>>> print(open('query.txt').read())   # compact mmCIF, C-alpha atoms and all ligand atoms
# COMPACT_ATOMS: atom_id res chain seq x y z
CA MET V 5 122.97 -57.84 -112.79
CA LEU V 6 121.58 -60.41 -115.20
CA SER V 7 123.40 -63.74 -115.67
CA LEU V 8 122.41 -66.00 -118.52
CA VAL V 9 123.61 -69.60 -118.58
CA ILE V 10 123.85 -71.36 -121.94
CA PRO V 11 125.11 -74.96 -122.27
CA ILE V 12 127.09 -75.71 -125.41
CA TYR V 13 127.99 -79.11 -126.76
CA ASN V 14 129.45 -79.16 -130.27
CA GLU V 15 127.54 -76.16 -131.58
CA GLU V 16 130.36 -74.46 -133.56
CA LYS V 17 128.09 -73.59 -136.49
CA LEU V 18 125.58 -71.57 -134.59
CA ILE V 19 127.62 -69.74 -131.98
CA ASP V 20 127.97 -66.55 -134.09
CA GLU V 21 124.23 -66.27 -134.56
CA LEU V 22 123.56 -67.25 -130.95
CA VAL V 23 125.90 -64.61 -129.54
CA ARG V 24 124.61 -61.91 -131.89
CA ARG V 25 120.94 -62.47 -131.12
CA THR V 26 121.44 -63.00 -127.40
CA VAL V 27 123.63 -59.95 -126.88
CA THR V 28 121.28 -57.71 -128.89
CA SER V 29 118.33 -58.94 -126.89
CA ILE V 30 119.99 -58.49 -123.49
CA GLU V 31 121.52 -55.11 -124.30
CA SER V 32 118.07 -53.78 -125.14
CA ILE V 33 117.27 -54.04 -121.42
CA THR V 34 120.51 -53.69 -119.49
CA ASP V 35 124.26 -53.23 -119.79
CA ASP V 36 124.87 -54.95 -116.52
CA TYR V 37 124.98 -58.59 -117.54
CA GLU V 38 127.12 -61.68 -118.02
CA ILE V 39 126.56 -64.58 -120.38
CA ILE V 40 128.07 -67.80 -119.08
CA PHE V 41 128.61 -70.32 -121.83
CA VAL V 42 129.18 -73.75 -120.35
CA ASP V 43 131.26 -75.81 -122.71
CA ASP V 44 130.11 -79.33 -121.95
CA GLY V 45 133.18 -81.08 -123.31
CA SER V 46 132.74 -80.09 -126.95
CA THR V 47 135.03 -81.85 -129.39
CA ASP V 48 134.60 -79.41 -132.28
CA LYS V 49 135.63 -75.75 -132.54
CA SER V 50 132.93 -74.48 -130.14
CA MET V 51 135.52 -73.56 -127.51
CA ASP V 52 137.63 -71.48 -129.97
CA GLU V 53 134.50 -69.75 -131.19
CA LEU V 54 133.41 -68.91 -127.66
CA LEU V 55 136.82 -67.57 -126.67
CA ARG V 56 136.96 -65.49 -129.84
CA HIS V 57 133.67 -63.86 -128.85
CA ARG V 58 134.99 -63.36 -125.36
CA GLU V 59 137.91 -61.36 -126.79
CA LEU V 60 135.37 -58.98 -128.33
CA ASN V 61 132.98 -58.81 -125.39
CA ARG V 62 134.30 -59.41 -121.88
CA LYS V 63 130.80 -59.88 -120.53
CA ILE V 64 130.88 -63.24 -122.23
CA LYS V 65 132.34 -65.83 -119.89
CA VAL V 66 133.20 -69.40 -120.68
CA LEU V 67 133.07 -72.24 -118.19
CA SER V 68 134.89 -75.19 -119.66
CA LEU V 69 134.05 -78.60 -118.18
CA SER V 70 136.52 -81.47 -118.15
CA LYS V 71 134.32 -83.67 -120.36
CA ASN V 72 130.73 -84.12 -121.49
CA PHE V 73 128.51 -84.37 -118.41
CA GLY V 74 125.12 -83.87 -120.05
CA HIS V 75 123.11 -80.69 -120.28
CA GLN V 76 121.41 -80.87 -116.87
CA ALA V 77 124.84 -80.99 -115.22
CA ALA V 78 126.08 -78.24 -117.55
CA TYR V 79 123.20 -75.98 -116.51
CA THR V 80 123.92 -76.73 -112.87
CA ALA V 81 127.60 -75.85 -113.35
CA GLY V 82 126.64 -72.56 -115.01
CA LEU V 83 124.14 -71.67 -112.29
CA GLU V 84 126.73 -72.31 -109.62
CA HIS V 85 129.15 -69.92 -111.31
CA ALA V 86 126.62 -67.17 -112.03
CA SER V 87 126.88 -64.07 -109.90
CA GLY V 88 123.83 -62.09 -111.08
CA ASP V 89 120.75 -61.04 -109.12
CA ILE V 90 118.60 -62.44 -111.89
CA ILE V 91 119.73 -65.67 -113.45
CA GLY V 92 118.55 -67.27 -116.67
CA MET V 93 118.80 -70.65 -118.37
CA MET V 94 118.55 -70.93 -122.15
CA ASP V 95 119.37 -73.72 -124.62
CA GLY V 96 122.19 -72.86 -126.98
CA ASP V 97 120.60 -74.03 -130.20
CA LEU V 98 118.22 -71.06 -130.63
CA GLN V 99 115.16 -73.24 -130.09
CA ASP V 100 114.51 -70.90 -127.20
CA PRO V 101 114.39 -67.48 -128.92
CA PRO V 102 116.64 -64.97 -127.07
CA GLU V 103 114.21 -62.22 -128.08
CA LEU V 104 111.94 -63.41 -125.28
CA ILE V 105 114.38 -62.38 -122.55
CA PRO V 106 113.22 -58.72 -122.25
CA GLN V 107 109.64 -59.85 -121.73
CA MET V 108 110.67 -62.38 -119.07
CA PHE V 109 112.94 -59.80 -117.45
CA ARG V 110 110.12 -57.27 -117.22
CA LYS V 111 107.82 -59.79 -115.60
CA ILE V 112 110.41 -60.36 -112.89
CA THR V 113 111.36 -56.73 -112.31
CA GLU V 114 107.97 -55.06 -112.77
CA GLU V 115 105.43 -57.72 -111.82
CA ASP V 116 107.62 -59.10 -109.05
CA PHE V 117 107.62 -62.75 -110.05
CA ASP V 118 110.44 -64.87 -108.61
CA ILE V 119 110.59 -67.27 -111.54
CA VAL V 120 109.39 -66.75 -115.10
CA SER V 121 109.55 -69.70 -117.47
CA GLY V 122 109.02 -69.95 -121.19
CA LYS V 123 105.75 -71.72 -121.90
CA ARG V 124 105.61 -73.47 -125.26
CA THR V 125 102.39 -72.96 -127.14
CA GLY V 126 103.65 -74.95 -130.10
CA ARG V 127 106.67 -76.63 -131.55
CA ARG V 128 108.33 -76.31 -134.90
CA GLY V 129 110.78 -78.91 -136.03
CA HIS V 130 111.25 -82.62 -136.34
CA VAL V 131 108.00 -84.60 -136.05
CA GLY V 132 109.50 -87.69 -134.41
CA ARG V 133 111.30 -85.67 -131.75
CA ASN V 134 108.23 -83.57 -131.04
CA LEU V 135 106.14 -86.71 -130.83
CA SER V 136 108.51 -88.24 -128.29
CA ALA V 137 108.37 -85.03 -126.23
CA ILE V 138 104.57 -85.04 -126.35
CA LEU V 139 104.46 -88.71 -125.37
CA PHE V 140 106.78 -88.09 -122.43
CA HIS V 141 104.68 -85.19 -121.19
CA LEU V 142 101.50 -87.24 -121.58
CA ILE V 143 102.94 -89.95 -119.32
CA PHE V 144 104.45 -87.46 -116.90
CA ARG V 145 101.21 -85.50 -116.64
CA ASN V 146 99.39 -88.61 -115.52
CA ILE V 147 101.87 -90.17 -113.16
CA GLY V 148 104.18 -87.34 -112.07
CA ASP V 149 103.81 -85.72 -108.68
CA ILE V 150 104.26 -82.28 -110.20
CA LYS V 151 101.47 -80.85 -112.28
CA ASN V 152 101.40 -78.54 -115.29
CA MET V 153 104.89 -79.36 -116.47
CA GLU V 154 103.96 -80.23 -120.03
CA ASN V 155 104.87 -77.01 -121.70
CA TYR V 156 107.89 -76.02 -119.70
CA GLY V 157 111.52 -76.74 -120.44
CA ASN V 158 114.73 -75.23 -119.16
CA TYR V 159 114.14 -71.76 -120.59
CA SER V 160 113.59 -69.43 -117.63
CA LEU V 161 114.74 -66.45 -115.62
CA MET V 162 114.75 -66.41 -111.84
CA LYS V 163 115.70 -64.25 -108.93
CA ARG V 164 118.75 -65.06 -106.85
CA ILE V 165 116.64 -66.47 -104.05
CA ALA V 166 115.01 -69.01 -106.37
CA ALA V 167 118.29 -69.95 -108.03
CA ASP V 168 119.82 -70.57 -104.60
CA ALA V 169 116.87 -72.77 -103.71
CA LEU V 170 117.33 -74.71 -106.93
CA LEU V 171 121.02 -75.20 -106.20
CA ALA V 172 120.34 -76.18 -102.61
CA MET V 173 118.96 -79.44 -103.94
CA LYS V 174 122.01 -81.58 -104.19
CA GLU V 175 120.57 -84.71 -105.76
CA LYS V 176 122.66 -86.26 -108.50
CA VAL V 177 119.75 -87.26 -110.70
CA ARG V 178 118.46 -83.93 -111.87
CA TYR V 179 115.53 -82.85 -113.93
CA LEU V 180 115.78 -79.09 -113.59
CA PRO V 181 112.34 -78.10 -114.94
CA GLY V 182 110.82 -80.43 -112.32
CA LEU V 183 113.04 -79.13 -109.52
CA ARG V 184 112.26 -75.56 -110.53
CA THR V 185 108.53 -76.19 -110.21
CA PHE V 186 109.10 -78.07 -106.96
CA ILE V 187 110.76 -75.18 -105.11
CA GLY V 188 107.67 -72.98 -105.18
CA PHE V 189 107.97 -69.13 -105.03
CA LYS V 190 105.88 -66.88 -107.22
CA GLN V 191 106.09 -68.44 -110.67
CA GLY V 192 104.92 -66.96 -113.94
CA SER V 193 105.33 -67.71 -117.60
CA VAL V 194 105.76 -66.13 -120.99
CA GLU V 195 104.31 -67.92 -124.01
CA TYR V 196 106.28 -68.72 -127.14
CA VAL V 197 106.47 -71.12 -130.05
CA ARG V 198 109.51 -73.34 -129.79
CA ASP V 199 111.57 -73.02 -132.94
CA ASP V 200 113.44 -75.73 -134.72
CA ARG V 201 117.13 -75.72 -133.87
CA PHE V 202 118.99 -73.13 -135.92
CA LYS V 203 121.79 -75.35 -137.22
CA GLY V 204 123.39 -78.70 -136.66
CA ARG V 205 121.98 -81.95 -135.35
CA PRO V 206 120.34 -82.27 -131.94
CA LYS V 207 122.94 -82.97 -129.26
CA MET V 208 120.44 -84.71 -127.05
CA THR V 209 120.47 -88.10 -128.72
CA ILE V 210 117.42 -90.32 -128.33
CA ARG V 211 119.35 -92.22 -125.68
CA LYS V 212 120.04 -89.04 -123.70
CA LEU V 213 116.42 -87.93 -124.07
CA PHE V 214 115.23 -91.32 -122.85
CA SER V 215 117.47 -91.14 -119.81
CA LEU V 216 116.28 -87.58 -119.09
CA ALA V 217 112.67 -88.78 -119.32
CA SER V 218 113.31 -91.64 -116.90
CA ASP V 219 115.15 -89.26 -114.55
CA ALA V 220 112.02 -87.12 -114.53
CA ILE V 221 109.67 -90.03 -113.99
CA PHE V 222 111.69 -91.88 -111.36
CA SER V 223 112.49 -88.77 -109.35
CA PHE V 224 109.09 -87.12 -109.48
CA SER V 225 106.72 -90.07 -109.45
CA ARG V 226 105.83 -92.92 -107.16
CA PHE V 227 103.90 -94.55 -109.95
CA PRO V 228 106.40 -97.23 -111.05
CA ILE V 229 106.62 -98.70 -107.58
CA VAL V 230 102.87 -98.38 -106.99
CA PHE V 231 102.32 -100.07 -110.34
CA CYS V 232 104.40 -103.06 -109.15
CA LEU V 233 102.36 -103.25 -106.01
CA ILE V 234 99.01 -103.13 -107.80
CA LEU V 235 99.95 -105.67 -110.44
CA GLY V 236 101.50 -107.89 -107.79
CA THR V 237 98.34 -107.76 -105.71
CA ILE V 238 96.13 -108.53 -108.70
CA GLY V 239 98.43 -111.42 -109.64
CA THR V 240 98.26 -112.83 -106.12
CA LEU V 241 94.45 -112.63 -106.05
CA VAL V 242 94.14 -114.30 -109.44
CA PHE V 243 96.44 -117.13 -108.46
CA MET V 244 94.75 -117.60 -105.09
CA ALA V 245 91.49 -118.07 -106.96
CA ALA V 246 93.23 -120.42 -109.37
CA GLY V 247 94.63 -122.35 -106.41
CA ILE V 248 91.19 -122.79 -104.91
CA TYR V 249 89.94 -124.00 -108.28
CA VAL V 250 92.75 -126.54 -108.50
CA ILE V 251 92.02 -127.89 -105.04
CA ILE V 252 88.30 -128.20 -105.77
CA ALA V 253 89.11 -129.95 -109.04
CA LYS V 254 91.43 -132.37 -107.30
CA VAL V 255 89.03 -133.14 -104.49
CA SER V 256 86.02 -133.66 -106.75
CA GLY V 257 88.10 -135.85 -109.00
CA PHE V 258 87.95 -134.09 -112.36
CA ALA V 259 91.54 -132.84 -112.28
CA ILE V 260 92.84 -132.47 -115.81
CA PRO V 261 96.39 -133.26 -116.85
CA GLY V 262 97.02 -129.52 -117.08
CA TRP V 263 100.57 -128.81 -117.98
CA SER V 264 99.54 -125.88 -120.18
CA SER V 265 98.06 -124.01 -117.24
CA THR V 266 101.14 -124.77 -115.16
CA LEU V 267 103.40 -123.50 -117.87
CA LEU V 268 101.32 -120.39 -118.40
CA SER V 269 101.42 -119.45 -114.75
CA ILE V 270 105.17 -119.97 -114.63
CA TYR V 271 105.64 -117.72 -117.63
CA PHE V 272 103.28 -115.13 -116.24
CA LEU V 273 104.71 -114.99 -112.74
CA GLY V 274 108.25 -115.19 -114.05
CA SER V 275 107.82 -112.23 -116.35
CA ILE V 276 106.06 -110.11 -113.74
CA GLN V 277 108.89 -110.80 -111.34
CA LEU V 278 111.48 -109.78 -113.91
CA VAL V 279 109.71 -106.50 -114.59
CA PHE V 280 109.43 -105.77 -110.88
CA LEU V 281 113.04 -106.66 -110.26
CA GLY V 282 113.94 -104.22 -113.03
CA ILE V 283 111.93 -101.43 -111.49
CA LEU V 284 113.25 -102.12 -108.00
CA GLY V 285 116.74 -102.30 -109.45
CA GLU V 286 116.27 -98.85 -110.93
CA TYR V 287 115.50 -97.43 -107.50
CA VAL V 288 118.38 -99.27 -105.89
CA PHE V 289 120.72 -98.02 -108.59
CA ARG V 290 119.52 -94.44 -108.13
CA ASN V 291 120.02 -94.75 -104.40
CA TYR V 292 123.49 -96.07 -105.01
CA LYS V 293 124.29 -93.15 -107.26
CA GLU V 294 123.13 -90.63 -104.68
CA SER V 295 125.18 -92.32 -101.98
CA GLN V 296 128.31 -92.35 -104.12
CA ASN V 297 127.97 -88.60 -103.90
CA ARG V 298 130.21 -87.83 -106.86
CA PRO V 299 130.44 -84.23 -108.01
CA LEU V 300 128.08 -83.48 -110.89
CA TYR V 301 130.85 -82.01 -113.01
CA PHE V 302 134.48 -80.96 -113.01
CA VAL V 303 135.62 -77.56 -114.22
CA LYS V 304 138.65 -77.41 -116.47
CA LYS V 305 138.80 -73.64 -116.52
CA PHE V 306 136.52 -70.68 -115.89
CA TYR V 307 137.25 -67.80 -118.23
CA ASP V 308 136.18 -64.96 -115.99
CA ASP V 309 138.00 -61.64 -115.47
CA LEU V 310 138.29 -62.19 -111.76
CA LEU V 311 139.97 -65.57 -112.17
CA GLU V 312 141.91 -65.22 -115.37
CA LYS V 313 144.68 -62.97 -114.10
N1 LIG J 1 123.86 -79.96 -124.61
C1 LIG J 1 124.90 -80.06 -123.67
N2 LIG J 1 125.36 -81.32 -123.35
C2 LIG J 1 124.86 -82.46 -123.90
C3 LIG J 1 123.79 -82.35 -124.82
C4 LIG J 1 123.31 -81.07 -125.14
O1 LIG J 1 125.38 -79.06 -123.15
O2 LIG J 1 125.32 -83.55 -123.57
C5 LIG J 1 123.36 -78.61 -124.96
C6 LIG J 1 123.24 -78.34 -126.44
O3 LIG J 1 124.42 -77.82 -126.98
C7 LIG J 1 122.11 -77.33 -126.49
C8 LIG J 1 121.23 -77.71 -125.31
O4 LIG J 1 122.05 -78.49 -124.46
O5 LIG J 1 122.57 -76.02 -126.28
C9 LIG J 1 120.01 -78.50 -125.74
O6 LIG J 1 120.41 -79.60 -126.54
P1 LIG J 1 119.54 -80.12 -127.76
O7 LIG J 1 119.09 -79.00 -128.60
O8 LIG J 1 120.31 -81.19 -128.43
O9 LIG J 1 118.33 -80.77 -126.97
P2 LIG J 1 116.75 -80.72 -127.26
O10 LIG J 1 116.45 -79.51 -128.03
O11 LIG J 1 116.48 -81.97 -127.97
O12 LIG J 1 116.19 -80.70 -125.88
MG MG J 2 117.38 -78.27 -129.02
>>> encode(input="query.txt", output="structure tokens")
Amino acid sequence: MLSLVIPIYNEEKLIDELVRRTVTSIESITDDYEIIFVDDGSTDKSMDELLRHRELNRKIKVLSLSKNFGHQAAYTAGLEHASGDIIGMMDGDLQDPPELIPQMFRKITEEDFDIVSGKRTGRRGHVGRNLSAILFHLIFRNIGDIKNMENYGNYSLMKRIAADALLAMKEKVRYLPGLRTFIGFKQGSVEYVRDDRFKGRPKMTIRKLFSLASDAIFSFSRFPIVFCLILGTIGTLVFMAAGIYVIIAKVSGFAIPGWSSTLLSIYFLGSIQLVFLGILGEYVFRNYKESQNRPLYFVKKFYDDLLEK
């Protein structure tokens, strides 16, 4: 059985098109499937739309979360409720074309890959958003511990064994494409051009994208902390040299009334310390969040035949 997980947050306008294209694509390969729409606390008519489609096709299931938890949590919720042997993740805004599923499916069943991800060979759509994605991947490529992530997003199919491995990682701060690469197994890809979203405004606001990017960087890179260390060391060396200079100047009697240099060093050291405190604080905060150990999401209701009656 194939399970496809699709997170939905206020996408009422495109659900018809999404369901039509996804169902057509999946039914061209198998009749044994379920599509789990995870309603991530939508405040528009998305939920009604989804349930209406469920009335027509019982293979459509709806997992309704208690509020908006963000799309990485929504994907996790969907994966945890999926019962298929092959499990997929796909964005609900048709930026990931559902028509790619048969090709990914074949790679798993015929070529025996454990994970097949969509690899973007290009992007259509908003220049600013694409630019921010490219910038993020440029940084991540250079400082992340995981390589070759730049063209992969959430879009993927995987075998049960890989999905279980993904879900075995219980960390609260999640960047699923990174975790998916991290778990290993035999991974392949299928190339595609990422479309613009079909309708509506992006639901990942710049703020949410920024926090996703920092999740990725802080959980898959040691660079920020190494950066502190390097800059701190350089700063120490420079000021040791400066200290020696000051002493020599004092001893040989040409000490200048140098309040500007004093002020400069105070500014410089002060600002470095603030930056470092910020970075350290980020790690402490992340540690705190992990140790709070709160559930990633709460389910309001799972519309599934087994549970509904
Ligand atoms: N999404 C979600 N919760 C959120 C934000 C987004 O479930 O808090 C869903 C959204 O409905 C869409 C997918 O996640 O199906 C990707 O969102 P979007 O297209 O806004 O992100 P981007 O394309 O910028 O990555
Ligand atoms: Mg999108």
>>> closest_residue(input="query.txt", among="V:Pro11, V:Gly274, V:Pro181, V:Gly282", to="Leu83 (chain V)", atoms="only C-alpha atoms")
V:Pro11
>>> closest_residue(input="query.txt", among="V:Gln99, V:Thr209, V:Ser7, V:Thr47", to="Lys65 (chain V)", atoms="all atoms listed in the file")
V:Ser7
>>> closest_residue(input="query.txt", among="V:Asp200, V:Glu53, V:Asp97, V:Glu38", to="ligand LIG 1 (chain J)", atoms="all atoms listed in the file")
V:Asp97
>>> closest_residue(input="query.txt", among="V:Ile39, V:Leu139, V:Leu183, V:Ile221", to="Arg62 (chain V)", atoms="only C-alpha atoms")
V:Ile39
>>> residues_near_ligand(input="query.txt", ligand="ligand LIG 1 (chain J)", cutoff="8 Å", atoms="all atoms listed in the file", output="count of residues only")
32
>>> residues_around(input="query.txt", residues="region 157-167 of chain V", least_positions_apart="4", cutoff="7 Å", atoms="all atoms listed in the file", output="MDAnalysis selection string")
chainID V and resid 89:95 100 108 118:122 171 180:181
>>> write_last_selection(input="query.txt", atoms="C-alpha atoms", output="short mmCIF file (atom, residue, chain, number, x, y, z; two decimals), in the frame of the given file")
data_model
loop_
_atom_site.label_atom_id
_atom_site.label_comp_id
_atom_site.auth_asym_id
_atom_site.auth_seq_id
_atom_site.Cartn_x
_atom_site.Cartn_y
_atom_site.Cartn_z
CA ASP V 89 120.75 -61.04 -109.12
CA ILE V 90 118.60 -62.44 -111.89
CA ILE V 91 119.73 -65.67 -113.45
CA GLY V 92 118.55 -67.27 -116.67
CA MET V 93 118.80 -70.65 -118.37
CA MET V 94 118.55 -70.93 -122.15
CA ASP V 95 119.37 -73.72 -124.62
CA ASP V 100 114.51 -70.90 -127.20
CA MET V 108 110.67 -62.38 -119.07
CA ASP V 118 110.44 -64.87 -108.61
CA ILE V 119 110.59 -67.27 -111.54
CA VAL V 120 109.39 -66.75 -115.10
CA SER V 121 109.55 -69.70 -117.47
CA GLY V 122 109.02 -69.95 -121.19
CA LEU V 171 121.02 -75.20 -106.20
CA LEU V 180 115.78 -79.09 -113.59
CA PRO V 181 112.34 -78.10 -114.94
#
>>> residues_around(input="query.txt", residues="Asn152 (chain V)", least_positions_apart="4", cutoff="10 Å", atoms="only C-alpha atoms", output="PyMOL selection string")
chain V and resi 141+144-145+148+156+185
>>> closest_residue(input="query.txt", among="V:Ala137, V:Val9, V:Ala77, V:Cys232", to="ligand MG 2 (chain J)", atoms="only C-alpha atoms and all ligand atoms")
V:Ala137
>>> closest_residue(input="query.txt", among="V:Ser70, V:Leu54, V:Asn134, V:Lys176", to="Ser295 (chain V)", atoms="only C-alpha atoms")
V:Lys176
>>> axis_aligned_box(input="query.txt", around="region 68-80 of chain V", padding_each_side="4 Å", output="AutoDock Vina command-line options")
--center_x 129.0 --center_y -79.8 --center_z -117.2 --size_x 23.1 --size_y 17.2 --size_z 16.6
>>> atom_distance(input="query.txt", atom1="CA of Arg124 (chain V)", atom2="CA of Ser193 (chain V)")
9.6 Å
>>> atom_distance(input="query.txt", atom1="CA of Glu175 (chain V)", atom2="CA of Tyr307 (chain V)")
26.8 Å
>>> atom_distance(input="query.txt", atom1="CA of Pro106 (chain V)", atom2="CA of Thr26 (chain V)")
10.6 Å
>>> residues_around(input="query.txt", residues="Thr28 (chain V)", least_positions_apart="6", cutoff="12 Å", atoms="only C-alpha atoms", output="list in words")
Glu21, Leu22, Thr34, Asp35, Tyr37, Pro101, Pro102, Glu103, Leu104, Ile105 and Pro106 of chain V
>>> write_last_selection(input="query.txt", atoms="C-alpha atoms", output="compact mmCIF listing (two decimals), in the frame of the given file")
# COMPACT_ATOMS: atom_id res chain seq x y z
CA GLU V 21 124.23 -66.27 -134.56
CA LEU V 22 123.56 -67.25 -130.95
CA THR V 34 120.51 -53.69 -119.49
CA ASP V 35 124.26 -53.23 -119.79
CA TYR V 37 124.98 -58.59 -117.54
CA PRO V 101 114.39 -67.48 -128.92
CA PRO V 102 116.64 -64.97 -127.07
CA GLU V 103 114.21 -62.22 -128.08
CA LEU V 104 111.94 -63.41 -125.28
CA ILE V 105 114.38 -62.38 -122.55
CA PRO V 106 113.22 -58.72 -122.25
>>> residues_around(input="query.txt", residues="Ile283 (chain V)", least_positions_apart="6", cutoff="12 Å", atoms="only C-alpha atoms", output="PyMOL selection string")
chain V and resi 218+221-222+226-233+276-277+289-290
>>> residues_around(input="query.txt", residues="Val303 (chain V)", least_positions_apart="6", cutoff="9 Å", atoms="all atoms listed in the file", output="tab-separated table (two decimals) with C-alpha atoms, in the coordinates of the input")
chain	number	residue	atom	x	y	z
V	67	LEU	CA	133.07	-72.24	-118.19
V	68	SER	CA	134.89	-75.19	-119.66
V	69	LEU	CA	134.05	-78.60	-118.18
V	70	SER	CA	136.52	-81.47	-118.15
V	71	LYS	CA	134.32	-83.67	-120.36
V	81	ALA	CA	127.60	-75.85	-113.35
